[in-house]
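Peer 1: Next up, work01.pdb (PDB, C-alpha atoms and all ligand atoms).
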```
ATOM      1  CA  MET A   1     -16.881 -15.562  -1.435  1.00  0.00           C
ATOM      2  CA  SER A   2     -14.881 -16.116   1.708  1.00  0.00           C
ATOM      3  CA  THR A   3     -16.584 -16.092   5.061  1.00  0.00           C
ATOM      4  CA  GLY A   4     -15.172 -14.031   7.903  1.00  0.00           C
ATOM      5  CA  GLY A   5     -13.497 -10.688   7.632  1.00  0.00           C
ATOM      6  CA  ALA A   6     -10.171  -9.377   6.514  1.00  0.00           C
ATOM      7  CA  LEU A   7      -7.846  -6.647   7.701  1.00  0.00           C
ATOM      8  CA  VAL A   8      -5.956  -4.961   4.865  1.00  0.00           C
ATOM      9  CA  LEU A   9      -2.611  -3.304   5.546  1.00  0.00           C
ATOM     10  CA  PHE A  10      -3.471  -0.140   3.698  1.00  0.00           C
ATOM     11  CA  SER A  11      -0.916   2.607   3.128  1.00  0.00           C
ATOM     12  CA  GLY A  12      -2.836   4.544   0.488  1.00  0.00           C
ATOM     13  CA  GLY A  13      -0.396   3.501  -2.228  1.00  0.00           C
ATOM     14  CA  GLN A  14      -1.055   1.729  -5.519  1.00  0.00           C
ATOM     15  CA  ASP A  15      -0.322  -1.777  -4.244  1.00  0.00           C
ATOM     16  CA  SER A  16      -2.331  -1.652  -1.055  1.00  0.00           C
ATOM     17  CA  THR A  17      -5.248   0.029  -2.842  1.00  0.00           C
ATOM     18  CA  VAL A  18      -5.398  -2.843  -5.348  1.00  0.00           C
ATOM     19  CA  CYS A  19      -5.177  -5.235  -2.377  1.00  0.00           C
ATOM     20  CA  LEU A  20      -8.071  -3.418  -0.713  1.00  0.00           C
ATOM     21  CA  ALA A  21     -10.155  -3.750  -3.893  1.00  0.00           C
ATOM     22  CA  TRP A  22      -9.168  -7.438  -4.081  1.00  0.00           C
ATOM     23  CA  ALA A  23     -10.354  -7.939  -0.489  1.00  0.00           C
ATOM     24  CA  LEU A  24     -13.611  -6.002  -1.020  1.00  0.00           C
ATOM     25  CA  ASP A  25     -14.305  -8.295  -3.964  1.00  0.00           C
ATOM     26  CA  ARG A  26     -13.899 -11.402  -1.756  1.00  0.00           C
ATOM     27  CA  TYR A  27     -14.762 -10.750   1.865  1.00  0.00           C
ATOM     28  CA  PRO A  28     -18.091  -9.653   3.346  1.00  0.00           C
ATOM     29  CA  HIS A  29     -16.322  -7.392   5.831  1.00  0.00           C
ATOM     30  CA  VAL A  30     -13.042  -5.546   5.319  1.00  0.00           C
ATOM     31  CA  GLU A  31     -11.229  -3.202   7.690  1.00  0.00           C
ATOM     32  CA  THR A  32      -8.094  -1.191   6.962  1.00  0.00           C
ATOM     33  CA  LEU A  33      -4.954  -0.429   8.932  1.00  0.00           C
ATOM     34  CA  GLY A  34      -2.288   2.205   8.358  1.00  0.00           C
ATOM     35  CA  PHE A  35       0.922   2.987  10.198  1.00  0.00           C
ATOM     36  CA  SER A  36       2.565   6.300  10.895  1.00  0.00           C
ATOM     37  CA  TYR A  37       6.247   5.904  11.653  1.00  0.00           C
ATOM     38  CA  GLY A  38       7.698   9.267  10.731  1.00  0.00           C
ATOM     39  CA  GLN A  39       7.783   8.443   7.025  1.00  0.00           C
ATOM     40  CA  ARG A  40       8.818  11.235   4.688  1.00  0.00           C
ATOM     41  CA  HIS A  41       5.858  10.456   2.479  1.00  0.00           C
ATOM     42  CA  ALA A  42       3.392  11.154   5.326  1.00  0.00           C
ATOM     43  CA  VAL A  43       1.063  12.556   2.647  1.00  0.00           C
ATOM     44  CA  GLU A  44       0.085   8.913   2.061  1.00  0.00           C
ATOM     45  CA  LEU A  45      -1.641   8.978   5.459  1.00  0.00           C
ATOM     46  CA  THR A  46      -3.929  11.700   4.108  1.00  0.00           C
ATOM     47  CA  GLN A  47      -4.492   9.876   0.820  1.00  0.00           C
ATOM     48  CA  ARG A  48      -5.621   6.729   2.685  1.00  0.00           C
ATOM     49  CA  HIS A  49      -8.864   8.477   3.613  1.00  0.00           C
ATOM     50  CA  VAL A  50      -9.246  10.001   0.151  1.00  0.00           C
ATOM     51  CA  VAL A  51      -8.884   6.542  -1.424  1.00  0.00           C
ATOM     52  CA  ARG A  52     -11.329   4.912   1.015  1.00  0.00           C
ATOM     53  CA  ASP A  53     -13.934   7.633   0.346  1.00  0.00           C
ATOM     54  CA  ALA A  54     -13.438   7.326  -3.413  1.00  0.00           C
ATOM     55  CA  LEU A  55     -13.816   3.531  -3.301  1.00  0.00           C
ATOM     56  CA  ARG A  56     -17.035   3.889  -1.312  1.00  0.00           C
ATOM     57  CA  GLU A  57     -18.417   6.443  -3.762  1.00  0.00           C
ATOM     58  CA  SER A  58     -17.403   4.743  -7.013  1.00  0.00           C
ATOM     59  CA  PHE A  59     -18.204   1.142  -6.040  1.00  0.00           C
ATOM     60  CA  PRO A  60     -21.622   0.917  -4.342  1.00  0.00           C
ATOM     61  CA  SER A  61     -21.393  -2.890  -4.157  1.00  0.00           C
ATOM     62  CA  TRP A  62     -18.195  -2.649  -2.115  1.00  0.00           C
ATOM     63  CA  ALA A  63     -19.303   0.255   0.089  1.00  0.00           C
ATOM     64  CA  PRO A  64     -21.293  -1.804   2.640  1.00  0.00           C
ATOM     65  CA  ARG A  65     -18.350  -4.184   3.067  1.00  0.00           C
ATOM     66  CA  LEU A  66     -15.845  -1.470   3.900  1.00  0.00           C
ATOM     67  CA  GLY A  67     -15.594  -1.344   7.681  1.00  0.00           C
ATOM     68  CA  PRO A  68     -13.643   0.932  10.019  1.00  0.00           C
ATOM     69  CA  ASP A  69     -10.161   2.256   9.448  1.00  0.00           C
ATOM     70  CA  HIS A  70      -7.438   1.966  12.064  1.00  0.00           C
ATOM     71  CA  GLU A  71      -4.173   3.802  12.418  1.00  0.00           C
ATOM     72  CA  ILE A  72      -1.248   2.785  14.620  1.00  0.00           C
ATOM     73  CA  ALA A  73       1.595   5.171  15.406  1.00  0.00           C
ATOM     74  CA  LEU A  74       5.042   3.591  15.544  1.00  0.00           C
ATOM     75  CA  PRO A  75       7.304   6.597  16.010  1.00  0.00           C
ATOM     76  CA  GLU A  76      10.049   4.420  17.493  1.00  0.00           C
ATOM     77  CA  LEU A  77      10.416   2.628  14.159  1.00  0.00           C
ATOM     78  CA  GLY A  78      11.446   5.875  12.523  1.00  0.00           C
ATOM     79  CA  ARG A  79      13.785   6.678  15.387  1.00  0.00           C
ATOM     80  CA  ILE A  80      15.679   3.362  15.371  1.00  0.00           C
ATOM     81  CA  SER A  81      16.030   3.053  11.602  1.00  0.00           C
ATOM     82  CA  GLU A  82      18.214   5.685  10.036  1.00  0.00           C
ATOM     83  CA  THR A  83      16.996   5.236   6.509  1.00  0.00           C
ATOM     84  CA  ALA A  84      16.088   7.381   3.562  1.00  0.00           C
ATOM     85  CA  LEU A  85      12.379   6.759   4.137  1.00  0.00           C
ATOM     86  CA  THR A  86      12.440   8.600   7.438  1.00  0.00           C
ATOM     87  CA  ARG A  87      15.423  10.951   7.045  1.00  0.00           C
ATOM     88  CA  GLU A  88      16.303  13.657   4.597  1.00  0.00           C
ATOM     89  CA  THR A  89      19.021  11.613   2.912  1.00  0.00           C
ATOM     90  CA  GLU A  90      19.520  10.447  -0.655  1.00  0.00           C
ATOM     91  CA  ILE A  91      17.849   7.215  -1.745  1.00  0.00           C
ATOM     92  CA  GLU A  92      20.665   4.969  -2.945  1.00  0.00           C
ATOM     93  CA  MET A  93      22.028   1.446  -2.722  1.00  0.00           C
ATOM     94  CA  THR A  94      23.757   0.727   0.597  1.00  0.00           C
ATOM     95  CA  LYS A  95      26.860  -1.410   1.194  1.00  0.00           C
ATOM     96  CA  ALA A  96      24.547  -4.288   2.173  1.00  0.00           C
ATOM     97  CA  GLY A  97      23.159  -4.259  -1.397  1.00  0.00           C
ATOM     98  CA  LEU A  98      19.784  -2.922  -0.259  1.00  0.00           C
ATOM     99  CA  PRO A  99      18.207   0.401  -1.179  1.00  0.00           C
ATOM    100  CA  SER A 100      18.546   2.981   1.609  1.00  0.00           C
ATOM    101  CA  THR A 101      14.723   2.995   1.770  1.00  0.00           C
ATOM    102  CA  PHE A 102      14.893  -0.362   3.572  1.00  0.00           C
ATOM    103  CA  VAL A 103      13.571  -0.104   7.129  1.00  0.00           C
ATOM    104  CA  PRO A 104      14.846  -3.300   8.779  1.00  0.00           C
ATOM    105  CA  GLY A 105      12.008  -5.688   9.608  1.00  0.00           C
ATOM    106  CA  ARG A 106       9.340  -3.104   8.858  1.00  0.00           C
ATOM    107  CA  ASN A 107       6.841  -5.538   7.360  1.00  0.00           C
ATOM    108  CA  LEU A 108       7.424  -8.083  10.129  1.00  0.00           C
ATOM    109  CA  LEU A 109       6.522  -5.435  12.697  1.00  0.00           C
ATOM    110  CA  PHE A 110       3.532  -4.229  10.702  1.00  0.00           C
ATOM    111  CA  LEU A 111       2.138  -7.753  10.386  1.00  0.00           C
ATOM    112  CA  ILE A 112       2.507  -8.460  14.116  1.00  0.00           C
ATOM    113  CA  TYR A 113       0.642  -5.276  15.019  1.00  0.00           C
ATOM    114  CA  ALA A 114      -1.952  -6.075  12.365  1.00  0.00           C
ATOM    115  CA  ALA A 115      -2.426  -9.589  13.754  1.00  0.00           C
ATOM    116  CA  ALA A 116      -2.930  -8.259  17.282  1.00  0.00           C
ATOM    117  CA  LEU A 117      -5.557  -5.815  16.002  1.00  0.00           C
ATOM    118  CA  ALA A 118      -7.221  -8.455  13.801  1.00  0.00           C
ATOM    119  CA  TYR A 119      -7.494 -10.773  16.802  1.00  0.00           C
ATOM    120  CA  ARG A 120      -9.296  -8.109  18.808  1.00  0.00           C
ATOM    121  CA  ARG A 121     -11.581  -7.312  15.859  1.00  0.00           C
ATOM    122  CA  GLY A 122     -12.441 -10.975  15.216  1.00  0.00           C
ATOM    123  CA  LEU A 123     -10.782 -10.955  11.787  1.00  0.00           C
ATOM    124  CA  THR A 124      -8.844 -14.060  10.757  1.00  0.00           C
ATOM    125  CA  THR A 125      -7.190 -12.888   7.550  1.00  0.00           C
ATOM    126  CA  LEU A 126      -4.576 -10.228   6.919  1.00  0.00           C
ATOM    127  CA  VAL A 127      -4.095  -8.901   3.404  1.00  0.00           C
ATOM    128  CA  ALA A 128      -0.725  -7.358   2.598  1.00  0.00           C
ATOM    129  CA  GLY A 129       0.543  -5.879  -0.666  1.00  0.00           C
ATOM    130  CA  VAL A 130       4.031  -7.306  -0.315  1.00  0.00           C
ATOM    131  CA  CYS A 131       5.598  -8.485  -3.534  1.00  0.00           C
ATOM    132  CA  GLU A 132       8.596 -10.641  -4.309  1.00  0.00           C
ATOM    133  CA  THR A 133       8.705  -9.570  -7.970  1.00  0.00           C
ATOM    134  CA  ASP A 134       9.494  -5.861  -7.515  1.00  0.00           C
ATOM    135  CA  TYR A 135      10.671  -6.281  -3.979  1.00  0.00           C
ATOM    136  CA  SER A 136      13.776  -4.110  -4.370  1.00  0.00           C
ATOM    137  CA  GLY A 137      15.688  -6.621  -2.250  1.00  0.00           C
ATOM    138  CA  TYR A 138      13.508  -6.198   0.838  1.00  0.00           C
ATOM    139  CA  PRO A 139      13.880  -9.605   2.512  1.00  0.00           C
ATOM    140  CA  ASP A 140      10.712  -9.184   4.573  1.00  0.00           C
ATOM    141  CA  CYS A 141       8.632  -9.022   1.375  1.00  0.00           C
ATOM    142  CA  ARG A 142       9.575 -12.548   0.303  1.00  0.00           C
ATOM    143  CA  ASN A 143       7.009 -15.312   0.331  1.00  0.00           C
ATOM    144  CA  ASP A 144       9.215 -17.488   2.578  1.00  0.00           C
ATOM    145  CA  THR A 145       9.282 -14.708   5.188  1.00  0.00           C
ATOM    146  CA  ILE A 146       5.526 -14.175   5.034  1.00  0.00           C
ATOM    147  CA  ARG A 147       4.701 -17.902   5.265  1.00  0.00           C
ATOM    148  CA  ALA A 148       7.015 -18.260   8.268  1.00  0.00           C
ATOM    149  CA  GLN A 149       5.361 -15.295   9.948  1.00  0.00           C
ATOM    150  CA  GLU A 150       1.882 -16.608   9.162  1.00  0.00           C
ATOM    151  CA  GLN A 151       2.812 -19.810  10.967  1.00  0.00           C
ATOM    152  CA  ALA A 152       4.340 -17.921  13.898  1.00  0.00           C
ATOM    153  CA  ILE A 153       1.212 -15.762  14.262  1.00  0.00           C
ATOM    154  CA  ALA A 154      -1.166 -18.751  14.040  1.00  0.00           C
ATOM    155  CA  LEU A 155       0.886 -20.523  16.737  1.00  0.00           C
ATOM    156  CA  GLY A 156       1.276 -17.418  18.869  1.00  0.00           C
ATOM    157  CA  LEU A 157      -2.440 -16.597  18.766  1.00  0.00           C
ATOM    158  CA  ASP A 158      -3.438 -20.281  18.858  1.00  0.00           C
ATOM    159  CA  LYS A 159      -5.907 -19.640  16.032  1.00  0.00           C
ATOM    160  CA  PRO A 160      -6.117 -20.449  12.341  1.00  0.00           C
ATOM    161  CA  PHE A 161      -4.738 -17.344  10.696  1.00  0.00           C
ATOM    162  CA  ARG A 162      -4.081 -16.416   7.067  1.00  0.00           C
ATOM    163  CA  ILE A 163      -1.849 -13.809   5.494  1.00  0.00           C
ATOM    164  CA  GLU A 164      -3.044 -13.250   1.915  1.00  0.00           C
ATOM    165  CA  THR A 165      -0.549 -11.638  -0.457  1.00  0.00           C
ATOM    166  CA  PRO A 166      -2.373 -11.213  -3.784  1.00  0.00           C
ATOM    167  CA  LEU A 167       0.549  -9.321  -5.347  1.00  0.00           C
ATOM    168  CA  MET A 168       3.359 -11.674  -4.307  1.00  0.00           C
ATOM    169  CA  TYR A 169       4.219 -12.757  -7.863  1.00  0.00           C
ATOM    170  CA  VAL A 170       2.662  -9.821  -9.721  1.00  0.00           C
ATOM    171  CA  ASP A 171       4.851  -7.087 -11.217  1.00  0.00           C
ATOM    172  CA  LYS A 172       3.797  -3.429 -11.419  1.00  0.00           C
ATOM    173  CA  ALA A 173       2.320  -3.839 -14.893  1.00  0.00           C
ATOM    174  CA  GLY A 174       0.319  -6.777 -13.542  1.00  0.00           C
ATOM    175  CA  THR A 175      -0.897  -4.625 -10.641  1.00  0.00           C
ATOM    176  CA  TRP A 176      -2.400  -2.119 -13.111  1.00  0.00           C
ATOM    177  CA  ALA A 177      -3.987  -5.027 -14.978  1.00  0.00           C
ATOM    178  CA  MET A 178      -5.398  -6.363 -11.703  1.00  0.00           C
ATOM    179  CA  ALA A 179      -6.969  -2.988 -10.947  1.00  0.00           C
ATOM    180  CA  GLU A 180      -8.707  -3.090 -14.331  1.00  0.00           C
ATOM    181  CA  THR A 181      -9.942  -6.657 -13.805  1.00  0.00           C
ATOM    182  CA  LEU A 182     -11.301  -5.848 -10.337  1.00  0.00           C
ATOM    183  CA  GLY A 183     -12.890  -2.465 -10.992  1.00  0.00           C
ATOM    184  CA  GLY A 184     -12.528  -1.575 -14.676  1.00  0.00           C
ATOM    185  CA  ALA A 185     -11.410   1.830 -15.891  1.00  0.00           C
ATOM    186  CA  ALA A 186     -12.983   3.464 -12.828  1.00  0.00           C
ATOM    187  CA  LEU A 187     -10.580   1.677 -10.489  1.00  0.00           C
ATOM    188  CA  VAL A 188      -7.577   2.354 -12.752  1.00  0.00           C
ATOM    189  CA  ASP A 189      -8.470   6.072 -12.723  1.00  0.00           C
ATOM    190  CA  LEU A 190      -8.962   6.038  -8.950  1.00  0.00           C
ATOM    191  CA  VAL A 191      -5.503   4.455  -8.500  1.00  0.00           C
ATOM    192  CA  ARG A 192      -3.932   7.021 -10.836  1.00  0.00           C
ATOM    193  CA  GLU A 193      -5.551  10.039  -9.262  1.00  0.00           C
ATOM    194  CA  LYS A 194      -5.896   9.236  -5.570  1.00  0.00           C
ATOM    195  CA  THR A 195      -3.176   6.794  -4.496  1.00  0.00           C
ATOM    196  CA  HIS A 196       0.253   7.867  -3.357  1.00  0.00           C
ATOM    197  CA  THR A 197       3.477   5.950  -4.016  1.00  0.00           C
ATOM    198  CA  CYS A 198       6.275   8.543  -4.243  1.00  0.00           C
ATOM    199  CA  TYR A 199       8.882   8.157  -1.497  1.00  0.00           C
ATOM    200  CA  LEU A 200       9.469  11.915  -1.425  1.00  0.00           C
ATOM    201  CA  GLY A 201       5.815  12.704  -0.789  1.00  0.00           C
ATOM    202  CA  ASP A 202       5.535  14.764  -3.977  1.00  0.00           C
ATOM    203  CA  ARG A 203       1.940  15.487  -5.043  1.00  0.00           C
ATOM    204  CA  THR A 204       2.705  18.516  -7.197  1.00  0.00           C
ATOM    205  CA  HIS A 205       3.750  16.716 -10.420  1.00  0.00           C
ATOM    206  CA  ARG A 206       1.050  14.870 -12.371  1.00  0.00           C
ATOM    207  CA  HIS A 207       2.105  12.135 -14.808  1.00  0.00           C
ATOM    208  CA  ASP A 208       0.031   9.682 -16.867  1.00  0.00           C
ATOM    209  CA  TRP A 209       0.451   7.169 -14.047  1.00  0.00           C
ATOM    210  CA  GLY A 210      -0.428   9.590 -11.246  1.00  0.00           C
ATOM    211  CA  TRP A 211       1.249  12.017  -8.839  1.00  0.00           C
ATOM    212  CA  GLY A 212       4.900  11.958  -7.782  1.00  0.00           C
ATOM    213  CA  CYS A 213       8.417  13.292  -8.250  1.00  0.00           C
ATOM    214  CA  GLY A 214       8.938  10.907 -11.174  1.00  0.00           C
ATOM    215  CA  THR A 215      12.524  10.057 -10.274  1.00  0.00           C
ATOM    216  CA  CYS A 216      12.569   8.195  -6.919  1.00  0.00           C
ATOM    217  CA  PRO A 217      12.639   4.365  -7.071  1.00  0.00           C
ATOM    218  CA  ALA A 218       8.932   4.114  -6.165  1.00  0.00           C
ATOM    219  CA  CYS A 219       7.910   6.548  -8.929  1.00  0.00           C
ATOM    220  CA  GLU A 220      10.179   4.784 -11.436  1.00  0.00           C
ATOM    221  CA  LEU A 221       8.634   1.376 -10.672  1.00  0.00           C
ATOM    222  CA  ARG A 222       5.109   2.765 -10.912  1.00  0.00           C
ATOM    223  CA  ALA A 223       5.854   4.595 -14.181  1.00  0.00           C
ATOM    224  CA  ARG A 224       7.544   1.590 -15.776  1.00  0.00           C
ATOM    225  CA  GLY A 225       4.632  -0.662 -14.822  1.00  0.00           C
ATOM    226  CA  TRP A 226       2.189   1.804 -16.355  1.00  0.00           C
ATOM    227  CA  GLU A 227       4.206   1.950 -19.616  1.00  0.00           C
ATOM    228  CA  ILE A 228       4.566  -1.824 -19.889  1.00  0.00           C
ATOM    229  CA  TRP A 229       0.873  -2.405 -19.167  1.00  0.00           C
ATOM    230  CA  ASN A 230      -0.217   0.178 -21.757  1.00  0.00           C
ATOM    231  CA  ALA A 231       2.205  -1.168 -24.342  1.00  0.00           C
ATOM    232  CA  ALA A 232       0.849  -4.674 -23.774  1.00  0.00           C
ATOM    233  CA  LYS A 233      -2.740  -3.407 -24.220  1.00  0.00           C
ATOM    234  CA  ALA A 234      -1.794  -1.610 -27.453  1.00  0.00           C
ATOM    235  CA  HIS A 235      -0.099  -4.737 -28.841  1.00  0.00           C
ATOM    236  CA  PRO A 236      -1.818  -7.708 -27.186  1.00  0.00           C
ATOM    237  CA  SER A 237      -0.049 -10.235 -29.423  1.00  0.00           C
ATOM    238  CA  ARG A 238       3.421  -9.335 -28.145  1.00  0.00           C
TER     239      ARG A 238
HETATM  240 ZN    ZN B 301       8.855   9.896  -6.350  1.00  0.00          ZN
END
```
Mind converting the file's structure to structure tokens?
Ligand code: ZN
Peer 2:
Amino acid sequence: MSTGGALVLFSGGQDSTVCLAWALDRYPHVETLGFSYGQRHAVELTQRHVVRDALRESFPSWAPRLGPDHEIALPELGRISETALTRETEIEMTKAGLPSTFVPGRNLLFLIYAAALAYRRGLTTLVAGVCETDYSGYPDCRNDTIRAQEQAIALGLDKPFRIETPLMYVDKAGTWAMAETLGGAALVDLVREKTHTCYLGDRTHRHDWGWGCGTCPACELRARGWEIWNAAKAHPSR
């Protein structure tokens, strides 16, 4: 097990919940951080607490390691980025070849705020659920970006500093598999029932893979991952 503590960027979605479980499995002390920035799927801010409570209840060995939760409000981020995540517009591909859900530099900003908080809390590792595999073209989810920022933060804070990205090369099917490896069927069920991924904030439609509208890009990725993972379990030789 690692020494020292970790701060997990925790949105209450599937990816960051698996990252939180990953961190609880490795670090003696884990704190969580969420951001409110006027996102349309603000329901995820509610689910964060539901997921944390469920993890504490279902996994007694992790419970004592789960430290305080923090929330930072970044309303200006929503104001300066006219995107489909914060406005009532259609989610589509833009002229720049990026989905309209792209908030420019969002993860860079999140990581800087997280690093400042981690410094104050005496935590030397950040854990982020960014992923290059399903990254939808978000350039601030790429490993090159994260490694450059890790270096910038370590230099800027004048401290050894790590940014762990356990999902960087894992696709959505692999994320379901990781949940099973870390916490068995109980963690898979917790992810299905409690986490929130849907960009539209829909928690009225229940699918095999969890709650959501079923048609936005986030729901489609989550659903496809679920199908691929289940198909692979049914036919392990393929
Ligand atoms: Zn959706």
Peer 1: Would you compute the box with edges along x, y and z of the file around region 32-46 of chain A, including every atom the file lists for it and 8 Å extra on each side, and give its centre and edge lengths in Å to one decimal, as AutoDock Vina command-line options?
Peer 2:
```
--center_x 0.4 --center_y 5.7 --center_z 6.9 --size_x 32.9 --size_y 29.7 --size_z 25.6
```
Peer 1: Take the PyMOL selection byres (((chain A and resi 205-221) around 9) and not hetatm), run it mentally on this structure, and tell me the resulting residues as JSON, numbers by chain.
Peer 2: {"A": [91, 134, 136, 172, 189, 191, 192, 193, 194, 195, 196, 197, 198, 199, 200, 201, 202, 203, 204, 222, 223, 224, 225, 226, 227]}
Peer 1: Can you give me, as a PyMOL selection string, the residues this file yields under the PyMOL selection byres (((chain A and resi 153) around 12) and not hetatm)?
Peer 2: chain A and resi 108-109+111-116+118-119+124-126+146-152+154-163
Peer 1: Using the chain letters and numbering of this document, enumerate as an NGL selection string the residues selected by the PyMOL selection byres (((chain A and resi 132) around 10) and not hetatm).
Peer 2: :A and (130-131 or 133-144 or 165 or 167-171)
Peer 1: Just checking: using all atoms listed in the file, which residue out of A:Ala128, A:Leu7, A:Arg56, A:Gly13 ends up closest to ligand ZN 301 (chain B)?
Peer 2: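 Once distances to ligand ZN 301 (chain B) are computed over all atoms listed in the file, the minimum belongs to A:Gly13.
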Peer 1: Nearest residue to Asp15 (chain A) out of A:Pro236, A:Gly129, A:Pro64, A:Pro166, using only C-alpha atoms?
Peer 2: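 Closest to Asp15 (chain A) of all the choices is A:Gly129.
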